[in-house]
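Since the structure comes first, as structure tokens, the remarks are kept for the end.
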Amino acid sequence: TSLRDLLHAFDGAVTAGYNLLYRSSCASGAVANWVGTRAPCDDPEAQSCPGVPWATTPYVGLKGNCSASGTPFGAYGADASRTPWRVAMDYFLYSRESKELVMYDRSGHKDGSIDFSARAYLNRIARQYRRRAQCDGGTHPEECLFNEKVKTELLASAFDPADPSDGLVCEGVPNIGESWWAPFMAYPTFSAFVAPLEGLSRDESRAWIDLFASICSFPTEGGGKPDGTLCSRSYFDSAQELVSTMVMAGA
């Protein structure tokens with residue numbers, strides 16, 4: 001296998017990944033846990049081959065489904081929750097490359113009408129907070145506070161699975177997902193603000209990030225518990241909190 005072959009295979013994986021993400025997500029940024037993708041190579045030993053893995057995504061075939069890890073098909077939940085910070089890492093580690101994506105239609109033909117990239121995906125989430133949250137963390141972050149603590153219920157309204165108008169269910173995410181109130185769901189969405197959003201200044205983006213980062217306060221000594229309305233010490237929750245916060249900080 002040559003370096004050229006490997007690069008070709010890796011580039012194909014990136015192209016497939018974003019074309020699949022485009023067809024398994026909503027305009028709100030919600031993403032499906034599990035979706036269908038199939039384009040087998042005739043030669044099982046081949047590094048890559050022509051194919052259209054997203055031809056029927058999110059379904060397996062016309063209407064089939066799949067699931068694993070105890071999370072349901074086509075719903076925004078625990079397995080999908082990592083997507084925002086992973087895409088955010090792609091954006092700031094490979095900002096140029098993540099803009100130069102080639103998008104295709106379901107038949108495998110290039111489609112220049114599709115405007116999608118790492119930044120475009122992250123912007124969906126940032127816009128969701130700006131439009132659907134009950135306070136503006138960019139221009140008036142003080143309105144998101146009560147007694148100097150973040151009033152998280154004002155932010156939760158942006159991703160309420162019980163509210164159909166929030167757009168968490170769509171063609172690419174056909175089933176109702178999990179609650180924003182699980183820290184493993186909420187924290188990854190905060191990382192979306194690392195990408196510039198048209199109409200949002202750098203200071204406003206920073207204000208949103210600072211607001212999210214202040215949801216939990218940590219004692220400087222004594223080993224006490226974090227204090228806040230959306231804090232958790234469980235493994236999965238705290239791992240998502242930690243990674244998402246590091247991404248926001250550019251660590």
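Going by the structure tokens order, chains are called A, B, ..., each with residues numbered from 1, while ligands are numbered from 1 in the order shown.
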Mind listing the alpha helix (DSSP H) residues of segment 60-141 of chain A, per DSSP on the backbone, as a PyMOL selection string? chain A and resi 83-93+118-132
Could you go through segment 21-201 of chain A and tell me which residues DSSP, when run on the backbone, assigns to strand (DSSP E or B), listing them as a PyMOL selection string? chain A and resi 25+31+60+64+68+71+75+104+110+145-146+149-150+175
Please determine, counting only C-alpha atoms, which residue among A:Lys149, A:Lys63, A:Arg119, A:Arg131 has the shortest atom-to-atom distance to Ser217 of chain A.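 Residue with the minimum atom-to-atom distance to Ser217 of chain A: A:Lys149.
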So, counting only C-alpha atoms, which residue among A:Thr229, A:Ser179, A:Gln134, A:Ser98 is closest to Leu155 of chain A?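 Going through A:Thr229, A:Ser179, A:Gln134, A:Ser98 one by one, the smallest distance to Leu155 of chain A is for A:Gln134.
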Spatial neighbours of Pro40 of chain A, 12 Å, only C-alpha atoms, chain gap at least 5 places, as a list of chain:residue names: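 Once the nearby chain positions are removed, what remains is A:Glu45, A:Ala46, A:Gln47, A:Ser48, A:Cys49, A:Pro50, A:Gly51, A:Val52, A:Pro53.
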Output the selection as a compact mmCIF listing (two decimals), in the first residue's frame - N, CA and C atoms for each residue.
# COMPACT_ATOMS: atom_id res chain seq x y z
N GLU A 45 -10.43 -6.87 0.51
CA GLU A 45 -9.10 -6.42 0.94
C GLU A 45 -8.78 -5.00 0.45
N ALA A 46 -9.68 -4.41 -0.34
CA ALA A 46 -9.43 -3.09 -0.92
C ALA A 46 -9.44 -2.00 0.15
N GLN A 47 -8.52 -1.03 0.01
CA GLN A 47 -8.49 0.12 0.92
C GLN A 47 -9.72 1.00 0.71
N SER A 48 -10.19 1.12 -0.51
CA SER A 48 -11.35 1.94 -0.84
C SER A 48 -11.88 1.50 -2.20
N CYS A 49 -13.08 1.96 -2.52
CA CYS A 49 -13.68 1.65 -3.81
C CYS A 49 -14.84 2.62 -4.05
N PRO A 50 -15.29 2.75 -5.27
CA PRO A 50 -16.41 3.64 -5.55
C PRO A 50 -17.68 3.15 -4.85
N GLY A 51 -18.50 4.10 -4.44
CA GLY A 51 -19.76 3.73 -3.78
C GLY A 51 -20.44 4.95 -3.22
N VAL A 52 -21.70 4.81 -2.83
CA VAL A 52 -22.48 5.92 -2.26
C VAL A 52 -23.06 5.44 -0.92
N PRO A 53 -22.30 5.53 0.15
CA PRO A 53 -22.76 5.00 1.45
C PRO A 53 -24.01 5.68 1.98
